[in-house]
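Have a look at upload_0.cif below; it lists mmCIF, C-alpha atoms and all ligand atoms.
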data_upload
#
loop_
_atom_site.label_atom_id
_atom_site.label_comp_id
_atom_site.auth_asym_id
_atom_site.auth_seq_id
_atom_site.Cartn_x
_atom_site.Cartn_y
_atom_site.Cartn_z
CA MET H 1 -11.93 -18.65 -7.95
CA SER H 2 -14.64 -17.76 -10.49
CA SER H 3 -14.44 -19.61 -13.83
CA GLU H 4 -13.10 -16.77 -16.08
CA ALA H 5 -10.50 -15.80 -13.47
CA LYS H 6 -6.96 -16.72 -14.36
CA TYR H 7 -4.84 -14.91 -11.79
CA THR H 8 -5.15 -13.99 -8.14
CA VAL H 9 -3.38 -11.07 -6.49
CA VAL H 10 -3.81 -10.39 -2.77
CA LEU H 11 -3.33 -6.87 -1.45
CA ILE H 12 -2.70 -6.21 2.20
CA ARG H 13 -2.29 -2.90 3.96
CA HIS H 14 0.23 -3.13 6.82
CA GLY H 15 -1.04 -3.62 10.37
CA GLU H 16 -1.49 -0.61 12.65
CA SER H 17 1.76 1.36 12.96
CA GLU H 18 2.97 3.26 16.03
CA TRP H 19 2.12 6.45 14.19
CA ASN H 20 -1.36 5.17 13.23
CA GLN H 21 -1.84 4.49 16.93
CA LYS H 22 -0.90 8.10 17.81
CA ASN H 23 -3.00 9.30 14.84
CA LEU H 24 -0.07 11.07 13.15
CA PHE H 25 0.33 11.67 9.42
CA CYS H 26 3.08 9.23 8.50
CA GLY H 27 3.81 8.97 4.76
CA TRP H 28 7.47 8.08 4.10
CA PHE H 29 8.38 8.24 7.82
CA ASP H 30 9.53 4.72 8.66
CA ALA H 31 7.23 4.02 11.62
CA ASP H 32 7.28 0.54 13.14
CA LEU H 33 4.25 -1.69 13.69
CA SER H 34 2.50 -1.24 17.04
CA GLU H 35 1.83 -4.33 19.19
CA THR H 36 -1.71 -4.29 17.78
CA GLY H 37 -0.38 -4.01 14.23
CA LEU H 38 1.90 -6.99 14.75
CA LYS H 39 -1.05 -9.07 15.97
CA GLU H 40 -3.18 -7.86 13.05
CA ALA H 41 -0.49 -9.04 10.63
CA GLN H 42 -0.36 -12.46 12.32
CA THR H 43 -4.15 -12.71 12.18
CA ALA H 44 -4.09 -11.84 8.47
CA GLY H 45 -1.54 -14.60 7.87
CA LYS H 46 -3.62 -17.14 9.85
CA LEU H 47 -6.71 -16.17 7.88
CA LEU H 48 -4.95 -16.57 4.55
CA LYS H 49 -3.75 -19.99 5.65
CA GLU H 50 -7.19 -21.02 6.86
CA LYS H 51 -8.70 -20.00 3.50
CA GLY H 52 -6.11 -22.01 1.58
CA PHE H 53 -4.06 -19.15 0.10
CA THR H 54 -0.41 -19.52 -0.75
CA PHE H 55 2.02 -17.36 -2.74
CA ASP H 56 4.94 -17.71 -5.14
CA VAL H 57 6.23 -14.13 -5.00
CA ALA H 58 5.75 -11.13 -2.72
CA PHE H 59 6.13 -7.40 -3.24
CA THR H 60 6.41 -4.72 -0.63
CA SER H 61 7.66 -1.18 -0.05
CA VAL H 62 10.93 -0.16 1.61
CA LEU H 63 9.10 0.84 4.81
CA LYS H 64 9.31 -1.49 7.78
CA ARG H 65 5.61 -1.50 8.66
CA ALA H 66 4.81 -3.13 5.31
CA ILE H 67 7.93 -5.32 5.27
CA LYS H 68 7.18 -6.66 8.76
CA THR H 69 3.51 -7.23 7.98
CA LEU H 70 4.57 -9.30 5.00
CA TYR H 71 7.04 -11.18 7.18
CA TYR H 72 4.35 -12.17 9.71
CA VAL H 73 2.11 -13.29 6.85
CA GLN H 74 4.98 -15.38 5.46
CA GLU H 75 5.59 -16.77 8.95
CA GLU H 76 2.00 -17.99 9.29
CA LEU H 77 2.07 -19.51 5.79
CA ASP H 78 5.57 -20.98 6.23
CA LEU H 79 6.65 -19.06 3.13
CA HIS H 80 9.89 -17.47 4.31
CA TRP H 81 11.62 -18.80 1.21
CA ILE H 82 9.64 -17.06 -1.53
CA PRO H 83 11.22 -14.13 -3.39
CA VAL H 84 10.35 -10.78 -1.82
CA TYR H 85 10.87 -7.65 -3.88
CA ARG H 86 10.96 -4.35 -2.04
CA HIS H 87 10.59 -1.10 -3.93
CA TRP H 88 10.11 2.55 -2.99
CA ARG H 89 7.40 2.82 -5.65
CA LEU H 90 5.11 0.88 -3.31
CA ASN H 91 5.76 3.31 -0.43
CA GLU H 92 2.98 5.21 1.28
CA ARG H 93 2.03 8.53 -0.34
CA HIS H 94 4.47 11.23 0.92
CA TYR H 95 2.60 13.44 3.35
CA GLY H 96 4.94 16.45 2.96
CA GLY H 97 4.38 19.20 5.52
CA LEU H 98 1.68 17.19 7.30
CA GLN H 99 4.10 14.43 8.26
CA GLY H 100 4.24 14.03 12.04
CA LEU H 101 1.17 16.20 12.70
CA ASN H 102 -1.80 14.77 14.58
CA LYS H 103 -4.74 14.24 12.21
CA SER H 104 -7.47 15.30 14.66
CA GLU H 105 -5.54 18.38 15.78
CA THR H 106 -4.98 19.29 12.13
CA ALA H 107 -8.74 18.93 11.57
CA ALA H 108 -9.40 21.20 14.56
CA LYS H 109 -6.99 23.79 13.12
CA TYR H 110 -7.82 23.71 9.40
CA GLY H 111 -11.27 22.08 9.41
CA GLU H 112 -12.34 18.52 8.70
CA ALA H 113 -13.19 19.33 5.07
CA GLN H 114 -9.64 20.57 4.37
CA VAL H 115 -8.12 17.53 6.08
CA LYS H 116 -10.33 15.24 4.01
CA ILE H 117 -9.10 16.99 0.84
CA TRP H 118 -5.48 16.51 1.94
CA ARG H 119 -6.08 12.89 2.92
CA ARG H 120 -8.40 11.67 0.22
CA SER H 121 -8.60 13.97 -2.82
CA TYR H 122 -7.05 12.78 -6.05
CA ASP H 123 -4.95 15.74 -7.03
CA THR H 124 -4.67 18.24 -4.18
CA PRO H 125 -1.26 17.75 -2.56
CA PRO H 126 -0.53 18.47 1.10
CA PRO H 127 1.83 21.41 1.81
CA ALA H 128 5.34 20.75 0.44
CA LEU H 129 8.37 20.30 2.71
CA GLU H 130 10.80 23.14 2.36
CA ASP H 131 14.62 23.13 2.32
CA GLY H 132 15.94 23.15 5.84
CA ASP H 133 12.95 21.26 7.26
CA GLU H 134 14.48 18.30 9.12
CA ARG H 135 11.68 16.11 7.78
CA TYR H 136 13.04 16.67 4.26
CA ASP H 137 15.74 14.02 4.42
CA THR H 138 17.50 13.52 1.10
CA SER H 139 20.34 11.46 2.61
CA ASP H 140 18.32 8.38 3.57
CA ARG H 141 20.22 5.30 2.35
CA LYS H 142 16.96 3.68 1.29
CA TYR H 143 16.74 6.20 -1.51
CA ILE H 144 20.20 7.67 -2.25
CA GLN H 145 21.41 4.30 -3.45
CA TYR H 146 19.24 4.82 -6.53
CA ASP H 147 20.26 7.71 -8.79
CA HIS H 148 16.77 8.02 -10.16
CA VAL H 149 14.94 8.48 -6.86
CA VAL H 150 14.05 12.04 -6.05
CA VAL H 151 12.62 12.08 -2.54
CA PRO H 152 9.34 13.98 -2.89
CA ARG H 153 8.54 17.12 -0.91
CA CYS H 154 4.91 15.95 -0.83
CA GLU H 155 2.58 13.80 -2.94
CA CYS H 156 -1.09 13.81 -3.79
CA LEU H 157 -2.74 10.52 -4.75
CA LYS H 158 -2.17 11.28 -8.44
CA ASP H 159 1.59 11.51 -7.82
CA THR H 160 1.41 8.14 -6.05
CA VAL H 161 -0.52 6.64 -8.98
CA ASP H 162 2.14 8.02 -11.35
CA ARG H 163 5.01 6.31 -9.55
CA PHE H 164 3.20 3.11 -8.50
CA MET H 165 1.58 2.14 -11.80
CA PRO H 166 4.82 1.80 -13.87
CA TYR H 167 5.94 -0.78 -11.31
CA TRP H 168 2.60 -2.59 -11.56
CA HIS H 169 2.71 -2.69 -15.37
CA ASP H 170 6.44 -3.32 -15.90
CA VAL H 171 7.26 -5.59 -12.98
CA ILE H 172 4.27 -7.02 -11.10
CA VAL H 173 2.04 -7.86 -14.09
CA PRO H 174 4.81 -9.72 -16.00
CA VAL H 175 5.67 -11.60 -12.82
CA VAL H 176 2.02 -12.57 -12.27
CA LYS H 177 1.79 -13.67 -15.90
CA ALA H 178 5.15 -15.38 -15.53
CA LYS H 179 6.41 -13.91 -18.77
CA ARG H 180 9.55 -12.11 -19.81
CA GLU H 181 7.80 -9.88 -22.29
CA TYR H 182 9.15 -6.58 -21.03
CA GLU H 183 12.26 -4.51 -21.36
CA LEU H 184 14.40 -4.59 -18.27
CA ASN H 185 14.01 -1.16 -16.80
CA THR H 186 17.09 -0.08 -14.87
CA ASP H 187 14.76 1.93 -12.68
CA MET H 188 13.36 -1.33 -11.45
CA LEU H 189 16.32 -3.66 -11.38
CA ASN H 190 15.02 -5.94 -8.70
CA VAL H 191 12.98 -8.22 -10.94
CA PRO H 192 13.07 -11.99 -10.52
CA LEU H 193 14.99 -13.98 -13.10
CA THR H 194 13.24 -17.31 -12.80
CA TYR H 195 9.61 -17.86 -13.58
CA LEU H 196 7.06 -20.59 -13.35
CA GLU H 197 5.30 -21.52 -16.57
CA SER H 198 1.88 -20.77 -15.14
CA GLY H 199 0.78 -17.56 -13.47
CA GLN H 200 2.33 -16.81 -10.12
CA ARG H 201 0.34 -16.15 -6.99
CA VAL H 202 1.35 -12.74 -5.76
CA VAL H 203 0.86 -10.92 -2.46
CA ILE H 204 1.49 -7.18 -2.21
CA SER H 205 2.03 -5.71 1.25
CA ALA H 206 1.81 -1.95 1.05
CA HIS H 207 0.07 1.13 2.44
CA GLY H 208 -3.33 2.79 2.67
CA ASN H 209 -2.69 5.26 -0.13
CA SER H 210 -0.34 3.27 -2.36
CA LEU H 211 -3.03 0.58 -2.36
CA ARG H 212 -5.72 3.21 -3.03
CA ALA H 213 -3.66 4.15 -6.10
CA LEU H 214 -3.68 0.56 -7.33
CA VAL H 215 -7.35 -0.08 -6.50
CA LYS H 216 -8.30 3.14 -8.30
CA TYR H 217 -6.63 1.81 -11.43
CA LEU H 218 -7.92 -1.76 -11.13
CA ASP H 219 -11.53 -0.77 -10.47
CA ASN H 220 -11.43 2.31 -12.69
CA ILE H 221 -12.67 4.54 -9.87
CA PRO H 222 -13.30 8.14 -11.00
CA ASP H 223 -11.21 10.90 -9.38
CA SER H 224 -14.34 12.30 -7.73
CA GLU H 225 -15.21 8.97 -6.06
CA ILE H 226 -11.78 7.97 -4.82
CA THR H 227 -12.32 10.36 -1.90
CA GLU H 228 -14.63 7.77 -0.30
CA LEU H 229 -12.23 4.83 -0.49
CA ASN H 230 -10.52 3.85 2.76
CA ILE H 231 -8.46 0.69 3.05
CA PRO H 232 -8.41 -0.94 6.49
CA THR H 233 -5.24 -2.27 8.10
CA ALA H 234 -4.28 -5.92 7.60
CA ILE H 235 -7.50 -7.30 6.10
CA PRO H 236 -6.42 -9.20 2.96
CA LEU H 237 -8.10 -7.86 -0.18
CA VAL H 238 -8.30 -10.54 -2.87
CA TYR H 239 -8.43 -9.65 -6.58
CA GLU H 240 -9.34 -12.27 -9.15
CA LEU H 241 -8.20 -11.17 -12.60
CA ASP H 242 -8.76 -12.41 -16.14
CA ALA H 243 -6.04 -13.29 -18.69
CA LYS H 244 -5.59 -9.58 -19.45
CA MET H 245 -5.25 -8.73 -15.76
CA LYS H 246 -8.65 -7.05 -15.64
CA PRO H 247 -10.40 -7.62 -12.32
CA ILE H 248 -13.37 -10.00 -12.36
CA ARG H 249 -14.15 -9.60 -8.71
CA HIS H 250 -12.57 -8.56 -5.48
CA TYR H 251 -13.39 -9.22 -1.85
CA TYR H 252 -11.97 -8.72 1.61
CA LEU H 253 -11.29 -11.77 3.74
CA ALA H 254 -13.71 -10.54 6.39
CA ASP H 255 -17.47 -10.09 6.68
CA GLU H 256 -18.98 -6.89 5.34
CA GLU H 257 -19.74 -5.47 8.77
CA THR H 258 -16.14 -5.91 9.97
CA VAL H 259 -14.81 -4.28 6.79
CA LYS H 260 -17.23 -1.35 7.01
CA ALA H 261 -16.38 -0.72 10.67
CA ALA H 262 -12.64 -0.86 9.90
CA GLN H 263 -13.05 1.53 6.94
CA ALA H 264 -15.11 3.94 9.06
CA LYS H 265 -12.37 3.87 11.71
CA VAL H 266 -9.78 4.92 9.10
CA ALA H 267 -12.07 7.68 7.76
CA SER H 268 -12.72 9.04 11.27
CA GLN H 269 -9.00 9.53 11.98
CA GLY H 270 -9.27 12.86 10.17
CA THR H 271 -12.10 14.20 12.33
CA VAL H 272 -11.97 16.47 15.38
CA LYS H 273 -12.06 14.48 18.62
CA LYS H 274 -15.06 15.60 20.69
O1 LIG P 1 -0.56 8.71 7.69
C1 LIG P 1 -0.46 8.07 6.62
O2 LIG P 1 0.60 7.92 6.02
C2 LIG P 1 -1.72 7.44 6.03
C3 LIG P 1 -1.83 5.98 6.31
O3 LIG P 1 -1.62 5.66 7.63
O4 LIG P 1 -2.80 8.08 6.60
P1 LIG P 1 -4.17 8.49 5.92
O5 LIG P 1 -5.12 7.36 6.18
O6 LIG P 1 -4.54 9.72 6.71
O7 LIG P 1 -3.96 8.79 4.49
#

Take the structure in the file and write it out as structure tokens.
Ligand SMILES: O=C(O)[C@@H](CO)OP(=O)(O)O
Amino acid sequence: MSSEAKYTVVLIRHGESEWNQKNLFCGWFDADLSETGLKEAQTAGKLLKEKGFTFDVAFTSVLKRAIKTLYYVQEELDLHWIPVYRHWRLNERHYGGLQGLNKSETAAKYGEAQVKIWRRSYDTPPPALEDGDERYDTSDRKYIQYDHVVVPRCECLKDTVDRFMPYWHDVIVPVVKAKREYELNTDMLNVPLTYLESGQRVVISAHGNSLRALVKYLDNIPDSEITELNIPTAIPLVYELDAKMKPIRHYYLADEETVKAAQAKVASQGTVKK
């Protein structure tokens, strides 16, 4: 850790899901990890162990691909016992009317440029799900248990930023700083009640676009440049932060070439297959 750094937060996008494997827009659909994704998660855990990382607290979404990825990381680190807080605010961006469609076929139909806008622009949402569309499920127990959750009909990255960042500021940051200096927000009841005196080491297992939302904030990436950011599956992304939780540096636990190839693979999912 560099000398001014006080806290470390590790971000990890889930391993490949069955829908990633089929190249389908996934969003809030609760796809499982593929065999490859499971192995990727185990590899990420082994790597974190090898590099000497450990964690006090973990956060994840309510989607099984992120939950299971976290579990395999915990398994490798022998950290089954740490508190794990799951919250819908960490979910993948909701892909609305694109959910379940093949990304390459969608690029062939609407053009690669349009698909890139839907996938990577900051504030252009995908088409919204309409009433009567079976993909618009407002009875899912994951969400109806909370009065305040309105299942979205679609989300652009900005919408994801708007629902992820309150959780970062009101729950994750105080937990990292190990302080109780916030009002308990009933929206976010699942906060830990015991804290260490020093900062806690946190791992966040989430999704390509919910992590893009967080990285955009942390690195202050302009709206126009966020279109080029792709987060690869299951390569731990380490943030070292100062006392005010401003990033000092970040790095992937992989060499540059591996990261670039993995990012290019994600970007190419939205292109027409020749
Ligand atoms: O389908 C999705 O939900 C996401 C992440 O897998 O895809 P994309 O990379 O196209 O935003």

List as a PyMOL selection string the protein and nucleic acid residues lying within 7 Å of ligand LIG 1 (chain P), with all atoms listed in the file counted. chain H and resi 20+24-27+92-93+95+119-120+207-209+266+269-270

Could you tell me how far CA of Asn91 in chain H lies from CA of Ser61 in chain H, in Å and to one decimal?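 Distance between the two atoms: 4.9 Å.
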
Using all atoms listed in the file, which of the listed residues (H:Phe59, H:Tyr252, H:Tyr7, H:Trp28) sits closest to Asp140 in chain H? H:Trp28

Residue nearest Tyr85 in chain H - candidates H:Lys177, H:Asp170, H:Lys260, H:Ala58, atoms counted: all atoms listed in the file: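 Nearest to Tyr85 in chain H: H:Ala58.
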
Would you pick out the contacts of range 112-117 of chain H at 8 Å or less, using only C-alpha atoms, so that residues sharing its chain but fewer than 2 positions from it are not included, and give the list as number ranges by chain? H: 103, 106-108, 110, 119-121, 124, 227, 270-272

Quick check, in Å to one decimal: how far apart do CA of Leu33 in chain H and CA of Asp219 in chain H lie? 28.9 Å

At a cut-off of 12 Å, using all atoms listed in the file, what residues contact Ile226 in chain H? Leave out same-chain residues fewer than 3 positions from it and give the result as a PyMOL selection string. chain H and resi 116-117+119-123+157-158+209+211-217+219-223+229-231

Would you mind reading off the distance between CA of Gln21 in chain H and CA of Glu75 in chain H, one decimal, in Å? 23.9 Å

Would you kindly return, as a PyMOL selection string, each protein, DNA or RNA residue with an atom no farther than 8 Å from any atom of range 234-240 of chain H, considering all atoms listed in the file and excluding same-chain residues fewer than 4 positions away? chain H and resi 1-2+5-16+37+40-41+44+48+69+247-254+259

Pick from H:Asp133, H:Glu155, H:Asp32, H:Glu256 nearest to Ile67 in chain H, counting only C-alpha atoms: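 Closest to Ile67 in chain H of all the choices is H:Asp32.
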
Determine the nearest neighbour of Val62 in chain H from the options H:Lys274, H:Lys49, H:Lys109, H:Arg86, counting only C-alpha atoms.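 Residue with the minimum atom-to-atom distance to Val62 in chain H: H:Arg86.
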
Taking only C-alpha atoms into account, which of H:Ser205, H:Phe164, H:His94, H:Ile144 comes nearest Gly45 in chain H? H:Ser205

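With distances restricted to only C-alpha atoms, H:Arg89 is the closest residue to Thr60 in chain H from H:Thr160, H:Arg89, H:Glu134, H:Trp19.
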
Contacts of Leu98 in chain H at 7 Å (only C-alpha atoms; same-chain gap of 2+ positions) as a short mmCIF file (atom, residue, chain, number, x, y, z; two decimals) with C-alpha atoms, in the frame of the given file:
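Writing the result to part_10.cif gives the following:
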data_model
loop_
_atom_site.label_atom_id
_atom_site.label_comp_id
_atom_site.auth_asym_id
_atom_site.auth_seq_id
_atom_site.Cartn_x
_atom_site.Cartn_y
_atom_site.Cartn_z
CA PHE H 25 0.33 11.67 9.42
CA TYR H 95 2.60 13.44 3.35
CA GLY H 96 4.94 16.45 2.96
CA GLY H 100 4.24 14.03 12.04
CA LEU H 101 1.17 16.20 12.70
CA PRO H 126 -0.53 18.47 1.10
CA PRO H 127 1.83 21.41 1.81
#

Using 5 Å of padding on each side, determine the axis-aligned box around all atoms of range 105-108 of chain H present in the file and give its centre and edge lengths in Å to one decimal, as lines of an AutoDock Vina configuration file.
center_x = -7.2
center_y = 19.8
center_z = 13.7
size_x = 14.4
size_y = 12.8
size_z = 14.2
